Structure formats: C-alpha cells, structure tokens
file data00.pdb (PDB, C-alpha atoms, pLDDT in the B column)
ATOM      1  CA  MET U  11     -56.114   0.302 -90.606  1.00 38.00           C
ATOM      2  CA  SER U  12     -53.673   3.045 -91.437  1.00 44.00           C
ATOM      3  CA  ALA U  13     -52.019   5.440 -89.049  1.00 48.00           C
ATOM      4  CA  CYS U  14     -54.299   8.254 -90.148  1.00 49.00           C
ATOM      5  CA  GLU U  15     -57.752   6.887 -89.278  1.00 50.00           C
ATOM      6  CA  PRO U  16     -59.516   8.985 -86.636  1.00 56.00           C
ATOM      7  CA  ASN U  17     -59.756   7.489 -83.140  1.00 67.00           C
ATOM      8  CA  VAL U  18     -57.322   4.710 -84.016  1.00 79.00           C
ATOM      9  CA  PRO U  19     -54.150   4.751 -81.929  1.00 90.00           C
ATOM     10  CA  ARG U  20     -51.071   5.541 -83.938  1.00 97.00           C
ATOM     11  CA  LYS U  21     -48.699   2.633 -84.414  1.00 98.00           C
ATOM     12  CA  ALA U  22     -44.971   2.793 -83.817  1.00 98.00           C
ATOM     13  CA  GLY U  23     -42.006   0.503 -84.289  1.00 98.00           C
ATOM     14  CA  VAL U  24     -38.567   0.310 -82.720  1.00 98.00           C
ATOM     15  CA  VAL U  25     -35.425  -1.079 -84.351  1.00 98.00           C
ATOM     16  CA  ILE U  26     -32.350  -1.649 -82.195  1.00 98.00           C
ATOM     17  CA  ALA U  27     -29.131  -1.868 -84.214  1.00 97.00           C
ATOM     18  CA  SER U  28     -26.719  -3.873 -82.094  1.00 96.00           C
ATOM     19  CA  THR U  29     -24.808  -6.894 -83.278  1.00 94.00           C
ATOM     20  CA  ARG U  30     -23.957  -7.845 -79.682  1.00 94.00           C
ATOM     21  CA  ALA U  31     -27.493  -7.418 -78.302  1.00 95.00           C
ATOM     22  CA  ALA U  32     -28.900  -9.355 -81.284  1.00 95.00           C
ATOM     23  CA  ALA U  33     -26.462 -12.168 -80.460  1.00 95.00           C
ATOM     24  CA  GLY U  34     -27.511 -12.176 -76.801  1.00 94.00           C
ATOM     25  CA  VAL U  35     -24.120 -10.934 -75.520  1.00 95.00           C
ATOM     26  CA  TYR U  36     -25.981  -8.346 -73.465  1.00 93.00           C
ATOM     27  CA  ALA U  37     -29.532  -7.103 -73.023  1.00 94.00           C
ATOM     28  CA  ASP U  38     -30.808  -4.187 -75.089  1.00 96.00           C
ATOM     29  CA  GLU U  39     -31.149  -1.185 -72.763  1.00 96.00           C
ATOM     30  CA  THR U  40     -32.565   1.419 -75.125  1.00 98.00           C
ATOM     31  CA  GLY U  41     -35.606  -0.433 -76.526  1.00 97.00           C
ATOM     32  CA  PRO U  42     -37.529  -0.373 -73.222  1.00 97.00           C
ATOM     33  CA  ILE U  43     -36.865   3.375 -72.819  1.00 98.00           C
ATOM     34  CA  ILE U  44     -38.204   4.077 -76.318  1.00 98.00           C
ATOM     35  CA  LEU U  45     -41.244   1.787 -75.846  1.00 98.00           C
ATOM     36  CA  ASP U  46     -42.149   3.529 -72.568  1.00 97.00           C
ATOM     37  CA  TRP U  47     -41.897   6.927 -74.266  1.00 98.00           C
ATOM     38  CA  LEU U  48     -44.032   5.806 -77.219  1.00 98.00           C
ATOM     39  CA  ASN U  49     -46.670   4.306 -74.899  1.00 97.00           C
ATOM     40  CA  GLU U  50     -46.733   7.512 -72.827  1.00 97.00           C
ATOM     41  CA  HIS U  51     -47.469   9.372 -76.068  1.00 97.00           C
ATOM     42  CA  GLY U  52     -50.395   7.081 -76.927  1.00 96.00           C
ATOM     43  CA  PHE U  53     -48.767   4.883 -79.565  1.00 97.00           C
ATOM     44  CA  ASP U  54     -49.551   1.199 -80.014  1.00 97.00           C
ATOM     45  CA  THR U  55     -46.146  -0.429 -80.427  1.00 97.00           C
ATOM     46  CA  PHE U  56     -44.980  -3.383 -82.447  1.00 97.00           C
ATOM     47  CA  PRO U  57     -42.515  -5.743 -80.715  1.00 96.00           C
ATOM     48  CA  THR U  58     -39.017  -4.265 -80.664  1.00 97.00           C
ATOM     49  CA  MET U  59     -36.768  -5.621 -83.420  1.00 97.00           C
ATOM     50  CA  VAL U  60     -33.194  -6.186 -82.204  1.00 98.00           C
ATOM     51  CA  VAL U  61     -30.981  -6.792 -85.232  1.00 98.00           C
ATOM     52  CA  PRO U  62     -27.264  -6.842 -86.073  1.00 97.00           C
ATOM     53  CA  ASP U  63     -25.718  -3.649 -87.434  1.00 96.00           C
ATOM     54  CA  GLY U  64     -25.708  -3.029 -91.178  1.00 96.00           C
ATOM     55  CA  GLU U  65     -28.079  -4.475 -93.780  1.00 97.00           C
ATOM     56  CA  PRO U  66     -30.331  -6.206 -91.182  1.00 98.00           C
ATOM     57  CA  VAL U  67     -31.306  -2.688 -90.055  1.00 98.00           C
ATOM     58  CA  GLY U  68     -32.476  -1.857 -93.569  1.00 98.00           C
ATOM     59  CA  ALA U  69     -34.426  -5.113 -93.767  1.00 98.00           C
ATOM     60  CA  ALA U  70     -36.106  -4.413 -90.409  1.00 98.00           C
ATOM     61  CA  LEU U  71     -37.018  -0.866 -91.471  1.00 98.00           C
ATOM     62  CA  ARG U  72     -38.485  -2.079 -94.768  1.00 98.00           C
ATOM     63  CA  ALA U  73     -40.513  -4.745 -92.939  1.00 98.00           C
ATOM     64  CA  LEU U  74     -41.864  -2.191 -90.467  1.00 97.00           C
ATOM     65  CA  LEU U  75     -42.803   0.256 -93.216  1.00 98.00           C
ATOM     66  CA  THR U  76     -45.125  -2.356 -94.749  1.00 97.00           C
ATOM     67  CA  GLN U  77     -47.186  -2.048 -91.527  1.00 97.00           C
ATOM     68  CA  GLU U  78     -47.612   1.721 -92.095  1.00 96.00           C
ATOM     69  CA  PRO U  79     -46.624   2.897 -88.604  1.00 98.00           C
ATOM     70  CA  ALA U  80     -46.819   6.591 -87.773  1.00 98.00           C
ATOM     71  CA  VAL U  81     -43.353   6.504 -86.209  1.00 98.00           C
ATOM     72  CA  VAL U  82     -40.242   4.315 -86.393  1.00 98.00           C
ATOM     73  CA  ILE U  83     -37.398   4.981 -83.963  1.00 98.00           C
ATOM     74  CA  THR U  84     -34.024   3.327 -84.343  1.00 98.00           C
ATOM     75  CA  SER U  85     -31.315   3.173 -81.696  1.00 98.00           C
ATOM     76  CA  GLY U  86     -27.706   2.366 -82.383  1.00 97.00           C
ATOM     77  CA  GLY U  87     -25.395   2.220 -85.357  1.00 96.00           C
ATOM     78  CA  THR U  88     -25.125   6.002 -85.782  1.00 95.00           C
ATOM     79  CA  GLY U  89     -21.445   6.415 -84.893  1.00 92.00           C
ATOM     80  CA  LEU U  90     -18.240   5.996 -86.840  1.00 93.00           C
ATOM     81  CA  SER U  91     -17.390   2.339 -86.248  1.00 92.00           C
ATOM     82  CA  PRO U  92     -17.033   0.349 -89.484  1.00 93.00           C
ATOM     83  CA  ASP U  93     -20.312  -1.525 -88.870  1.00 93.00           C
ATOM     84  CA  ASP U  94     -22.300   1.610 -87.889  1.00 96.00           C
ATOM     85  CA  ARG U  95     -24.550   1.717 -90.970  1.00 97.00           C
ATOM     86  CA  THR U  96     -27.960   2.743 -89.584  1.00 98.00           C
ATOM     87  CA  PRO U  97     -27.877   6.214 -91.240  1.00 98.00           C
ATOM     88  CA  GLU U  98     -27.077   4.661 -94.622  1.00 98.00           C
ATOM     89  CA  MET U  99     -29.883   2.102 -94.254  1.00 98.00           C
ATOM     90  CA  THR U 100     -32.296   4.884 -93.243  1.00 98.00           C
ATOM     91  CA  ILE U 101     -31.452   7.545 -95.822  1.00 98.00           C
ATOM     92  CA  ALA U 102     -32.159   5.079 -98.630  1.00 97.00           C
ATOM     93  CA  LEU U 103     -35.793   4.893 -97.422  1.00 98.00           C
ATOM     94  CA  LEU U 104     -36.457   8.565 -96.672  1.00 98.00           C
ATOM     95  CA  GLU U 105     -38.455  10.652 -99.119  1.00 98.00           C
ATOM     96  CA  ARG U 106     -38.038  13.887 -97.133  1.00 98.00           C
ATOM     97  CA  GLU U 107     -35.458  14.741 -94.494  1.00 98.00           C
ATOM     98  CA  ILE U 108     -36.217  16.859 -91.430  1.00 98.00           C
ATOM     99  CA  PRO U 109     -32.741  18.171 -90.598  1.00 96.00           C
ATOM    100  CA  GLY U 110     -33.884  20.515 -87.833  1.00 97.00           C
ATOM    101  CA  ILE U 111     -34.766  17.586 -85.579  1.00 97.00           C
ATOM    102  CA  MET U 112     -31.289  16.075 -85.777  1.00 96.00           C
ATOM    103  CA  GLU U 113     -29.733  19.522 -85.384  1.00 95.00           C
ATOM    104  CA  GLY U 114     -31.776  19.954 -82.197  1.00 96.00           C
ATOM    105  CA  ILE U 115     -30.782  16.532 -80.878  1.00 95.00           C
ATOM    106  CA  ARG U 116     -27.080  17.085 -81.556  1.00 93.00           C
ATOM    107  CA  ARG U 117     -27.249  20.573 -80.016  1.00 93.00           C
ATOM    108  CA  ALA U 118     -28.986  19.259 -76.869  1.00 92.00           C
ATOM    109  CA  GLY U 119     -26.556  16.355 -76.581  1.00 91.00           C
ATOM    110  CA  ALA U 120     -23.467  18.532 -77.089  1.00 91.00           C
ATOM    111  CA  VAL U 121     -24.339  20.409 -73.888  1.00 92.00           C
ATOM    112  CA  LYS U 122     -23.649  17.139 -72.033  1.00 91.00           C
ATOM    113  CA  THR U 123     -20.940  15.553 -74.188  1.00 90.00           C
ATOM    114  CA  PRO U 124     -18.988  16.721 -77.239  1.00 91.00           C
ATOM    115  CA  MET U 125     -19.383  13.156 -78.594  1.00 89.00           C
ATOM    116  CA  ALA U 126     -22.980  14.040 -79.584  1.00 90.00           C
ATOM    117  CA  MET U 127     -21.533  15.858 -82.584  1.00 90.00           C
ATOM    118  CA  LEU U 128     -20.326  12.504 -83.944  1.00 92.00           C
ATOM    119  CA  SER U 129     -23.837  11.077 -84.311  1.00 91.00           C
ATOM    120  CA  ARG U 130     -24.704  10.691 -87.990  1.00 95.00           C
ATOM    121  CA  GLY U 131     -28.379   9.920 -87.540  1.00 96.00           C
ATOM    122  CA  HIS U 132     -31.171  11.078 -89.834  1.00 98.00           C
ATOM    123  CA  ALA U 133     -34.776  12.131 -89.315  1.00 98.00           C
ATOM    124  CA  GLY U 134     -37.336  12.226 -92.067  1.00 98.00           C
ATOM    125  CA  THR U 135     -40.386  10.718 -93.658  1.00 98.00           C
ATOM    126  CA  ALA U 136     -41.175   7.681 -95.763  1.00 98.00           C
ATOM    127  CA  GLY U 137     -44.756   8.100 -96.927  1.00 96.00           C
ATOM    128  CA  ARG U 138     -46.722   9.019 -93.799  1.00 96.00           C
ATOM    129  CA  THR U 139     -44.155   7.432 -91.477  1.00 98.00           C
ATOM    130  CA  PHE U 140     -41.674   9.493 -89.469  1.00 98.00           C
ATOM    131  CA  ILE U 141     -38.314   7.747 -89.019  1.00 98.00           C
ATOM    132  CA  ILE U 142     -35.559   8.877 -86.668  1.00 98.00           C
ATOM    133  CA  ASN U 143     -32.150   7.460 -85.766  1.00 98.00           C
ATOM    134  CA  LEU U 144     -31.179   7.831 -82.111  1.00 97.00           C
ATOM    135  CA  PRO U 145     -27.840   6.879 -80.549  1.00 95.00           C
ATOM    136  CA  GLY U 146     -27.249   3.493 -78.953  1.00 95.00           C
ATOM    137  CA  SER U 147     -26.803   4.742 -75.381  1.00 94.00           C
ATOM    138  CA  PRO U 148     -29.654   5.135 -72.876  1.00 96.00           C
ATOM    139  CA  LYS U 149     -28.606   8.736 -72.133  1.00 93.00           C
ATOM    140  CA  GLY U 150     -28.416   9.577 -75.836  1.00 93.00           C
ATOM    141  CA  VAL U 151     -31.868   8.067 -76.394  1.00 96.00           C
ATOM    142  CA  MET U 152     -33.375  10.003 -73.491  1.00 96.00           C
ATOM    143  CA  ASP U 153     -31.841  13.245 -74.767  1.00 94.00           C
ATOM    144  CA  GLY U 154     -33.232  12.586 -78.251  1.00 96.00           C
ATOM    145  CA  LEU U 155     -36.709  11.747 -76.968  1.00 98.00           C
ATOM    146  CA  ALA U 156     -36.722  14.946 -74.889  1.00 97.00           C
ATOM    147  CA  VAL U 157     -36.133  16.923 -78.101  1.00 97.00           C
ATOM    148  CA  LEU U 158     -38.960  15.027 -79.844  1.00 98.00           C
ATOM    149  CA  ASP U 159     -41.389  15.509 -76.933  1.00 97.00           C
ATOM    150  CA  PRO U 160     -42.837  18.905 -77.904  1.00 97.00           C
ATOM    151  CA  VAL U 161     -43.086  18.178 -81.649  1.00 97.00           C
ATOM    152  CA  ILE U 162     -44.109  14.525 -82.085  1.00 97.00           C
ATOM    153  CA  GLY U 163     -47.864  15.132 -81.918  1.00 96.00           C
ATOM    154  CA  HIS U 164     -47.827  18.017 -84.381  1.00 96.00           C
ATOM    155  CA  LEU U 165     -45.427  16.115 -86.660  1.00 97.00           C
ATOM    156  CA  CYS U 166     -47.805  13.119 -86.828  1.00 97.00           C
ATOM    157  CA  GLU U 167     -50.805  15.378 -87.400  1.00 95.00           C
ATOM    158  CA  GLN U 168     -49.057  17.027 -90.343  1.00 95.00           C
ATOM    159  CA  LEU U 169     -48.161  13.658 -91.876  1.00 96.00           C
ATOM    160  CA  GLU U 170     -51.800  12.627 -91.478  1.00 94.00           C
ATOM    161  CA  GLY U 171     -52.873  15.740 -93.385  1.00 92.00           C
ATOM    162  CA  ASN U 172     -54.208  17.654 -90.365  1.00 83.00           C
ATOM    163  CA  HIS U 173     -52.632  21.066 -90.636  1.00 68.00           C
ATOM    164  CA  GLY U 174     -54.172  22.564 -87.495  1.00 59.00           C
ATOM    165  CA  HIS U 175     -55.709  25.607 -89.150  1.00 51.00           C
TER     166      HIS U 175
END
call {"tool": "encode", "arguments": {"input": "data00.pdb", "output": "structure tokens"}}
result
Amino acid sequence: MSACEPNVPRKAGVVIASTRAAAGVYADETGPIILDWLNEHGFDTFPTMVVPDGEPVGAALRALLTQEPAVVITSGGTGLSPDDRTPEMTIALLEREIPGIMEGIRRAGAVKTPMAMLSRGHAGTAGRTFIINLPGSPKGVMDGLAVLDPVIGHLCEQLEGNHGH
C-alpha cells in the first residue's frame, strides 16, 4: 500500500532528534504533540522514533522513507549547537525544497521570539513524501504545526498527483 491509494489513510512518521531523550535523561515532549496533530488530520502514524542527534537522524529518516509515508515530521536538532545536524541529515534526502513553508514558520515564530530566526530547518519532498524539520520545543512545534494546518491536505494531494482542477 502506498500513500496515494484512494481510501487508504495516509501514513506519517515522526523522528525526534534528542540525544538526552534517546538516552532516557528526560521524556520526549514534542512527539506526542506531533502525533496528536497527525491523527487529527487523519494520518495513520508509525511509532515515534527518538534518536540521538546527528547521523542517527539520517538513519531514521532513511528507514522511514522505505515505508513510503505521506509525511515525516522531525523535531529537534535544528539550532546551532555542534550536534544540531537534523537539517544536514534532511537536505541530503530532499529532491525538492519548499522554502515558503519554513519562511512561514520562522515568520510566525519570530512574532513570539526572535530565536525563531535561528532555526535552520528544511521542508521539502523525497519522492511522494513531505519532510519537515520542526524545532525541539513544544511551543516551536505547535507554532510550526499551526503554519502547516491550512496547507497539509493540499500538499499531500499534490504529491499524490491530484491537482484539484
């Protein structure tokens, strides 16, 4: 089953980039927020993958892409710390970037905190999968999902080849 079959729920995956959460130092707070949002939008979700920052993020993304999800959302690893490598792991997999989405997320976040401008996340497509990097904070994730809200359905339809003529 691929993400584009009619009447089949779209699949989605979540990758949390957090060395400390992966080690059990503290509980992941952003994964449940993203899963709730995906479920509210009708996606069937794979179990959240909580992995250390850096190359494990790339490995998790590559593993998820073999399942052909419609959407993959990452959280964490988008800042400027030495081990924040989620954007680098993501860009290597993207065939097409969608810069307007990240511009919208940074613009919406900057209204609340100037730190939003420091997020280096990417949004784009790998095959028929949409991938987006959200920040590692619950507030940053909620702001990003609010920006995605009005476009996620149309975005998936376009990737599935339904142009809404």
call {"tool": "residues_around", "arguments": {"input": "data00.pdb", "residues": "Leu104 in chain U", "least_positions_apart": "2", "cutoff": "12 Å", "atoms": "all atoms listed in the file", "output": "list in words"}}
result
Gly68, Leu71, Arg72, Leu75, Val82, Pro97, Glu98, Met99, Thr100, Ile101, Ala102, Arg106, Glu107, Ile108, Pro109, His132, Ala133, Gly134, Thr135, Ala136, Gly137, Arg138, Thr139, Phe140, Ile141, Ile142 and Asn143 of chain U
call {"tool": "closest_atom_pairs", "arguments": {"input": "data00.pdb", "of": "range 109-164 of chain U", "to": "range 42-48 of chain U", "cutoff": "12 Å", "atoms": "all atoms listed in the file", "output": "CSV"}}
result
residue,atom,partner,partner_atom,distance
U:Ile142,CA,U:Ile44,CA,11.7
U:Asn143,CA,U:Ile44,CA,11.7
U:Leu144,CA,U:Ile44,CA,9.8
U:Pro145,CA,U:Ile44,CA,11.5
U:Gly146,CA,U:Ile44,CA,11.3
U:Ser147,CA,U:Ile43,CA,10.5
U:Pro148,CA,U:Ile43,CA,7.4
U:Lys149,CA,U:Ile43,CA,9.9
U:Gly150,CA,U:Ile43,CA,10.9
U:Val151,CA,U:Ile44,CA,7.5
U:Met152,CA,U:Ile43,CA,7.5
U:Asp153,CA,U:Ile43,CA,11.2
U:Gly154,CA,U:Ile44,CA,10.0
U:Leu155,CA,U:Trp47,CA,7.6
U:Ala156,CA,U:Trp47,CA,9.6
U:Leu158,CA,U:Trp47,CA,10.3
U:Asp159,CA,U:Trp47,CA,9.0
U:Ile162,CA,U:Leu48,CA,10.0
U:Gly163,CA,U:Leu48,CA,11.1
call {"tool": "axis_aligned_box", "arguments": {"input": "data00.pdb", "around": "range 137-143 of chain U", "padding_each_side": "4 Å", "output": "AutoDock Vina command-line options"}}
result
--center_x -39.4 --center_y 8.5 --center_z -91.3 --size_x 22.6 --size_y 10.1 --size_z 19.2
call {"tool": "atom_distance", "arguments": {"input": "data00.pdb", "atom1": "CA of Val157 in chain U", "atom2": "CA of Val60 in chain U"}}
result
23.7 Å
call {"tool": "resolve_selection", "arguments": {"input": "data00.pdb", "expression": "the PyMOL selection byres ((chain U and resi 128) around 9)", "output": "CSV table (one decimal) with C-alpha atoms, keeping the file's coordinate frame"}}
result
chain,number,residue,atom,x,y,z
U,88,THR,CA,-25.1,6.0,-85.8
U,89,GLY,CA,-21.4,6.4,-84.9
U,90,LEU,CA,-18.2,6.0,-86.8
U,116,ARG,CA,-27.1,17.1,-81.6
U,124,PRO,CA,-19.0,16.7,-77.2
U,125,MET,CA,-19.4,13.2,-78.6
U,126,ALA,CA,-23.0,14.0,-79.6
U,127,MET,CA,-21.5,15.9,-82.6
U,129,SER,CA,-23.8,11.1,-84.3
U,130,ARG,CA,-24.7,10.7,-88.0
call {"tool": "resolve_selection", "arguments": {"input": "data00.pdb", "expression": "the PyMOL selection byres ((chain U and resi 70) around 12)", "output": "PyMOL selection string"}}
result
chain U and resi 23-27+56-69+71-77+82-84+96+99-100+103
call {"tool": "build_atoms", "arguments": {"input": "data00.pdb", "residues": "range 19-42 of chain U", "atoms": "N, CA, C and O atoms", "output": "short mmCIF file (atom, residue, chain, number, x, y, z; two decimals), keeping the file's coordinate frame"}}
result
data_model
loop_
_atom_site.label_atom_id
_atom_site.label_comp_id
_atom_site.auth_asym_id
_atom_site.auth_seq_id
_atom_site.Cartn_x
_atom_site.Cartn_y
_atom_site.Cartn_z
N PRO U 19 -55.48 4.40 -82.45
CA PRO U 19 -54.15 4.75 -81.93
C PRO U 19 -53.09 4.65 -83.02
O PRO U 19 -53.13 3.75 -83.85
N ARG U 20 -52.18 5.59 -83.00
CA ARG U 20 -51.07 5.54 -83.94
C ARG U 20 -50.17 4.36 -83.58
O ARG U 20 -49.95 4.07 -82.43
N LYS U 21 -49.62 3.76 -84.62
CA LYS U 21 -48.70 2.63 -84.41
C LYS U 21 -47.26 3.13 -84.49
O LYS U 21 -46.97 4.10 -85.19
N ALA U 22 -46.38 2.42 -83.79
CA ALA U 22 -44.97 2.79 -83.82
C ALA U 22 -44.12 1.54 -83.72
O ALA U 22 -44.51 0.55 -83.09
N GLY U 23 -42.95 1.61 -84.34
CA GLY U 23 -42.01 0.50 -84.29
C GLY U 23 -40.65 0.97 -83.80
O GLY U 23 -40.31 2.14 -83.93
N VAL U 24 -39.90 0.03 -83.24
CA VAL U 24 -38.57 0.31 -82.72
C VAL U 24 -37.60 -0.71 -83.30
O VAL U 24 -37.87 -1.91 -83.27
N VAL U 25 -36.49 -0.21 -83.83
CA VAL U 25 -35.42 -1.08 -84.35
C VAL U 25 -34.15 -0.77 -83.58
O VAL U 25 -33.70 0.38 -83.56
N ILE U 26 -33.61 -1.78 -82.92
CA ILE U 26 -32.35 -1.65 -82.20
C ILE U 26 -31.25 -2.25 -83.05
O ILE U 26 -31.30 -3.43 -83.40
N ALA U 27 -30.27 -1.42 -83.41
CA ALA U 27 -29.13 -1.87 -84.21
C ALA U 27 -27.98 -2.19 -83.27
O ALA U 27 -27.31 -1.28 -82.77
N SER U 28 -27.80 -3.46 -82.99
CA SER U 28 -26.72 -3.87 -82.09
C SER U 28 -26.37 -5.33 -82.37
O SER U 28 -27.13 -6.23 -82.02
N THR U 29 -25.24 -5.53 -82.97
CA THR U 29 -24.81 -6.89 -83.28
C THR U 29 -24.69 -7.71 -81.99
O THR U 29 -25.13 -8.86 -81.93
N ARG U 30 -24.14 -7.11 -80.93
CA ARG U 30 -23.96 -7.84 -79.68
C ARG U 30 -25.28 -8.13 -78.97
O ARG U 30 -25.49 -9.24 -78.47
N ALA U 31 -26.19 -7.15 -78.94
CA ALA U 31 -27.49 -7.42 -78.30
C ALA U 31 -28.27 -8.45 -79.10
O ALA U 31 -28.94 -9.32 -78.54
N ALA U 32 -28.19 -8.38 -80.44
CA ALA U 32 -28.90 -9.36 -81.28
C ALA U 32 -28.37 -10.76 -81.04
O ALA U 32 -29.11 -11.74 -81.12
N ALA U 33 -27.08 -10.86 -80.71
CA ALA U 33 -26.46 -12.17 -80.46
C ALA U 33 -26.65 -12.64 -79.02
O ALA U 33 -26.22 -13.73 -78.67
N GLY U 34 -27.27 -11.79 -78.18
CA GLY U 34 -27.51 -12.18 -76.80
C GLY U 34 -26.32 -11.95 -75.88
O GLY U 34 -26.30 -12.41 -74.75
N VAL U 35 -25.30 -11.22 -76.35
CA VAL U 35 -24.12 -10.93 -75.52
C VAL U 35 -24.52 -10.07 -74.32
O VAL U 35 -24.02 -10.24 -73.23
N TYR U 36 -25.43 -9.13 -74.57
CA TYR U 36 -25.98 -8.35 -73.46
C TYR U 36 -27.40 -7.92 -73.83
O TYR U 36 -27.80 -7.98 -75.00
N ALA U 37 -28.14 -7.50 -72.81
CA ALA U 37 -29.53 -7.10 -73.02
C ALA U 37 -29.60 -5.71 -73.63
O ALA U 37 -28.79 -4.83 -73.30
N ASP U 38 -30.56 -5.50 -74.53
CA ASP U 38 -30.81 -4.19 -75.09
C ASP U 38 -31.34 -3.28 -73.98
O ASP U 38 -32.31 -3.62 -73.30
N GLU U 39 -30.72 -2.12 -73.80
CA GLU U 39 -31.15 -1.18 -72.76
C GLU U 39 -31.98 -0.02 -73.31
O GLU U 39 -32.66 0.63 -72.54
N THR U 40 -31.88 0.23 -74.60
CA THR U 40 -32.56 1.42 -75.12
C THR U 40 -33.99 1.13 -75.59
O THR U 40 -34.85 2.00 -75.49
N GLY U 41 -34.26 -0.09 -76.06
CA GLY U 41 -35.61 -0.43 -76.53
C GLY U 41 -36.68 -0.17 -75.48
O GLY U 41 -37.70 0.48 -75.79
N PRO U 42 -36.49 -0.62 -74.23
CA PRO U 42 -37.53 -0.37 -73.22
C PRO U 42 -37.77 1.11 -72.96
O PRO U 42 -38.91 1.53 -72.72
#
